[in-house]
Structure formats: C-alpha cells, structure tokens
Amino acid sequence: MGYKASIITIQNPPQPVADRIILDTLGYSSFLYAQETILEDCMYPRDKSISIGNFNNCLMICDDFQLTSILENHTSLQSLCDYEKSLASLFGSSEILSIACHSGVSYHMYTLVSNGKRIRFKAVSSDDPLVEYGERLKEEEHVYALSKTIKGKRLFRSRYSDDKKYKMTEDQIMEDFTFGVAARHLGVKISTIQDKELMSNVPFRKYLRR
C-alpha cells in the first residue's frame, strides 16, 4: 500500500487552544468548519483543507501539504519557517513535529522543533539526494540499524522479510522513517496493525476556505 500524508503534531500542548486561534495564527482566517472526518480521509484529502484532531495527548494538524511543502524550499535548515514560528508562539516548549511523505516519488521529510529551535530536519526522494540537519532521532536509529554502507552507498534491508540482502535505498523505506518518527508523538505507528483506532475512530474537524 502506498501512502501520501502531511501531518503536524504538537506533543503535550501546555493548554488547550481553540481551532479558530490556530487557523488565524497560521494564516487561514478565511477557513470555516466543513465537517467531521477521520485521519484516513484527511491526511491526503486533495481539497486544500486543514483538519485538526487530538490523539494521545497530541494536537494533530493535517494540512494537505500546504504547510509542509514550505519546508522543501526553506533556505536555512537550522532556522524555523514561518508556520513553525507561529506554532511555537502558541505552544511554547512543546515539541512540534512535521512529517510528509509521497509514495509516488518515494519522498519523505520530517522536521522536529523543540523549545522554539529546530533539532532535526531530513528530506530525501527518488529524484533528490538526502538533505539533513541535526543529530539523528532515536526513532531513526532503529531504521539505520538495518543499513550498511556498500561501495560508498548506504543500503538497507527489510525488517519485514527473510531476505537479509542490503538492496534498498533510503528513499525506498519511506514508511519506516516517516511513520516511525511520527510514533515519537503518537505512540503508534501508522501503516501497521497499531493504527486502526487512530486512522478510523479519532474525529478530526475539517476546515475549508469559504
């Protein structure tokens, strides 16, 4: 199964913040409530919506790549982009994690902000080389443990197969990286049997431009 997703999570927000304030702060003042939805339908809705929900003491924002795509063109890997600054102004010291992936081009990206500072950025695809900043997260190390550098190229083996050959490139294990890092906040890994409640039973509030 291929995945396309763009999700921002804020871990343990210090206080509840109304959806309206979040939307206004992010520059989506013209967006109005449209309907209730679920993660399975809003992590790649293709309708330029913003959907907001809560799971495992995390605030989740599904942005249909409207915000996370900004990171692809952000010139400084160390500094925060505008939407990260906006969220940091609302949620103080909370960790802010952005993830994005698109199986069609084997693209995955994630960035972690803590105490208003970026501590990790990574992006790679089948068409673009690895770009990263900061120390690896412990959630990444579990994936990198299945890799070797062979003839100057890092290759991975699958944790789900008896085939022990190192033959996959970093972009080809998009889900292990993206959803493994997201589990840092969510406590469950999307794309596994752990994700049923999160994908299907957690209500999200969808907003669309009026």
# chains A, B, ... in the order shown; residues from 1 in each chain; ligands from 1
call {"tool": "select_by_dssp", "arguments": {"residues": "region 50-205 of chain A", "states": "strand (DSSP E)", "output": "ChimeraX atom specification"}}
result
/A:50-55,58-62,96-102,107-114,117-124,131-133,147-150,153-156,204-205
call {"tool": "residues_around", "arguments": {"residues": "Gly92 (chain A)", "least_positions_apart": "2", "cutoff": "9 Å", "atoms": "only C-alpha atoms", "output": "ChimeraX atom specification"}}
result
/A:13-14,87-90,94-95,114-116
call {"tool": "write_last_selection", "arguments": {"atoms": "N, CA and C atoms", "output": "PDB file, in the first residue's frame"}}
result
ATOM      1  N   PRO A  13       0.493  19.776  24.414  1.00  0.00           N
ATOM      2  CA  PRO A  13       0.316  21.231  24.469  1.00  0.00           C
ATOM      3  C   PRO A  13       0.071  21.689  25.906  1.00  0.00           C
ATOM      4  N   PRO A  14       0.689  22.793  26.319  1.00  0.00           N
ATOM      5  CA  PRO A  14       0.572  23.226  27.717  1.00  0.00           C
ATOM      6  C   PRO A  14      -0.837  23.636  28.108  1.00  0.00           C
ATOM      7  N   LEU A  87       3.431  28.274  15.307  1.00  0.00           N
ATOM      8  CA  LEU A  87       3.033  27.217  16.238  1.00  0.00           C
ATOM      9  C   LEU A  87       3.843  27.299  17.532  1.00  0.00           C
ATOM     10  N   ALA A  88       5.129  27.621  17.402  1.00  0.00           N
ATOM     11  CA  ALA A  88       5.962  27.764  18.594  1.00  0.00           C
ATOM     12  C   ALA A  88       5.471  28.912  19.476  1.00  0.00           C
ATOM     13  N   SER A  89       4.936  29.960  18.860  1.00  0.00           N
ATOM     14  CA  SER A  89       4.410  31.085  19.641  1.00  0.00           C
ATOM     15  C   SER A  89       3.164  30.685  20.419  1.00  0.00           C
ATOM     16  N   LEU A  90       2.420  29.696  19.917  1.00  0.00           N
ATOM     17  CA  LEU A  90       1.217  29.236  20.594  1.00  0.00           C
ATOM     18  C   LEU A  90       1.494  28.180  21.652  1.00  0.00           C
ATOM     19  N   SER A  94       6.580  22.951  23.756  1.00  0.00           N
ATOM     20  CA  SER A  94       6.137  21.664  23.208  1.00  0.00           C
ATOM     21  C   SER A  94       6.938  21.298  21.959  1.00  0.00           C
ATOM     22  N   GLU A  95       7.187  20.005  21.788  1.00  0.00           N
ATOM     23  CA  GLU A  95       7.791  19.542  20.542  1.00  0.00           C
ATOM     24  C   GLU A  95       6.789  19.692  19.402  1.00  0.00           C
ATOM     25  N   SER A 114      11.933  21.895  19.047  1.00  0.00           N
ATOM     26  CA  SER A 114      11.782  21.767  20.496  1.00  0.00           C
ATOM     27  C   SER A 114      12.241  23.059  21.159  1.00  0.00           C
ATOM     28  N   ASN A 115      11.426  23.576  22.066  1.00  0.00           N
ATOM     29  CA  ASN A 115      11.751  24.845  22.739  1.00  0.00           C
ATOM     30  C   ASN A 115      12.038  25.957  21.743  1.00  0.00           C
ATOM     31  N   GLY A 116      11.291  25.954  20.650  1.00  0.00           N
ATOM     32  CA  GLY A 116      11.433  27.006  19.655  1.00  0.00           C
ATOM     33  C   GLY A 116      12.653  26.909  18.771  1.00  0.00           C
TER      34      GLY A 116
END
call {"tool": "closest_residue", "arguments": {"among": "A:Phe65, A:Ser49, A:Ser86, A:Phe156", "to": "Asp24 (chain A)", "atoms": "only C-alpha atoms"}}
result
A:Ser86
call {"tool": "residues_around", "arguments": {"residues": "Glu141 (chain A)", "least_positions_apart": "4", "cutoff": "12 Å", "atoms": "only C-alpha atoms", "output": "compact mmCIF listing (two decimals) with N, CA, C and O atoms, in the first residue's frame"}}
result
# COMPACT_ATOMS: atom_id res chain seq x y z
N GLU A 135 21.23 15.99 14.84
CA GLU A 135 21.52 14.61 15.20
C GLU A 135 20.31 13.72 14.91
O GLU A 135 19.17 14.15 15.01
N ARG A 136 20.60 12.47 14.56
CA ARG A 136 19.51 11.53 14.34
C ARG A 136 18.68 11.35 15.60
O ARG A 136 19.19 11.33 16.72
N LEU A 137 17.38 11.17 15.40
CA LEU A 137 16.49 10.87 16.50
C LEU A 137 16.58 9.38 16.84
O LEU A 137 16.91 8.56 15.99
N ALA A 145 19.81 1.02 11.86
CA ALA A 145 20.47 -0.21 12.32
C ALA A 145 20.37 -1.32 11.29
O ALA A 145 21.14 -2.29 11.33
N LEU A 146 19.46 -1.18 10.34
CA LEU A 146 19.29 -2.18 9.28
C LEU A 146 19.97 -1.75 7.99
O LEU A 146 19.56 -2.16 6.90
N SER A 147 21.00 -0.93 8.10
CA SER A 147 21.68 -0.43 6.91
C SER A 147 23.17 -0.69 6.96
O SER A 147 23.75 -0.90 8.03
N ASP A 176 8.93 3.38 7.03
CA ASP A 176 9.66 3.10 8.26
C ASP A 176 10.18 4.38 8.89
O ASP A 176 10.12 4.56 10.11
N PHE A 177 10.73 5.26 8.07
CA PHE A 177 11.26 6.51 8.59
C PHE A 177 10.14 7.47 9.02
O PHE A 177 10.09 7.90 10.17
N GLY A 180 7.72 5.96 11.63
CA GLY A 180 8.49 5.63 12.83
C GLY A 180 8.78 6.86 13.65
O GLY A 180 8.67 6.85 14.88
N VAL A 181 9.13 7.95 12.98
CA VAL A 181 9.38 9.21 13.67
C VAL A 181 8.07 9.78 14.24
O VAL A 181 8.04 10.30 15.36
call {"tool": "atom_distance", "arguments": {"atom1": "CA of Ser191 (chain A)", "atom2": "CA of Ile7 (chain A)"}}
result
14.1 Å
call {"tool": "closest_residue", "arguments": {"among": "A:Leu208, A:Ile99, A:Gly187, A:Ser79", "to": "Gly134 (chain A)", "atoms": "only C-alpha atoms"}}
result
A:Ser79
call {"tool": "residues_around", "arguments": {"residues": "Ile150 (chain A)", "least_positions_apart": "2", "cutoff": "12 Å", "atoms": "only C-alpha atoms", "output": "PyMOL selection string"}}
result
chain A and resi 147-148+152-156+165-169
call {"tool": "closest_residue", "arguments": {"among": "A:Arg205, A:Thr178, A:Ser6, A:Tyr160", "to": "Arg20 (chain A)", "atoms": "only C-alpha atoms"}}
result
A:Arg205
call {"tool": "closest_residue", "arguments": {"among": "A:Leu97, A:Leu39, A:Ile173, A:Leu32", "to": "Lys196 (chain A)", "atoms": "only C-alpha atoms"}}
result
A:Leu39
call {"tool": "select_by_dssp", "arguments": {"residues": "region 12-179 of chain A", "states": "helix (DSSP H, G or I)", "output": "number ranges by chain"}}
result
A: 19-26, 39-42, 68-73, 82-91, 103-105, 138-144, 170-179
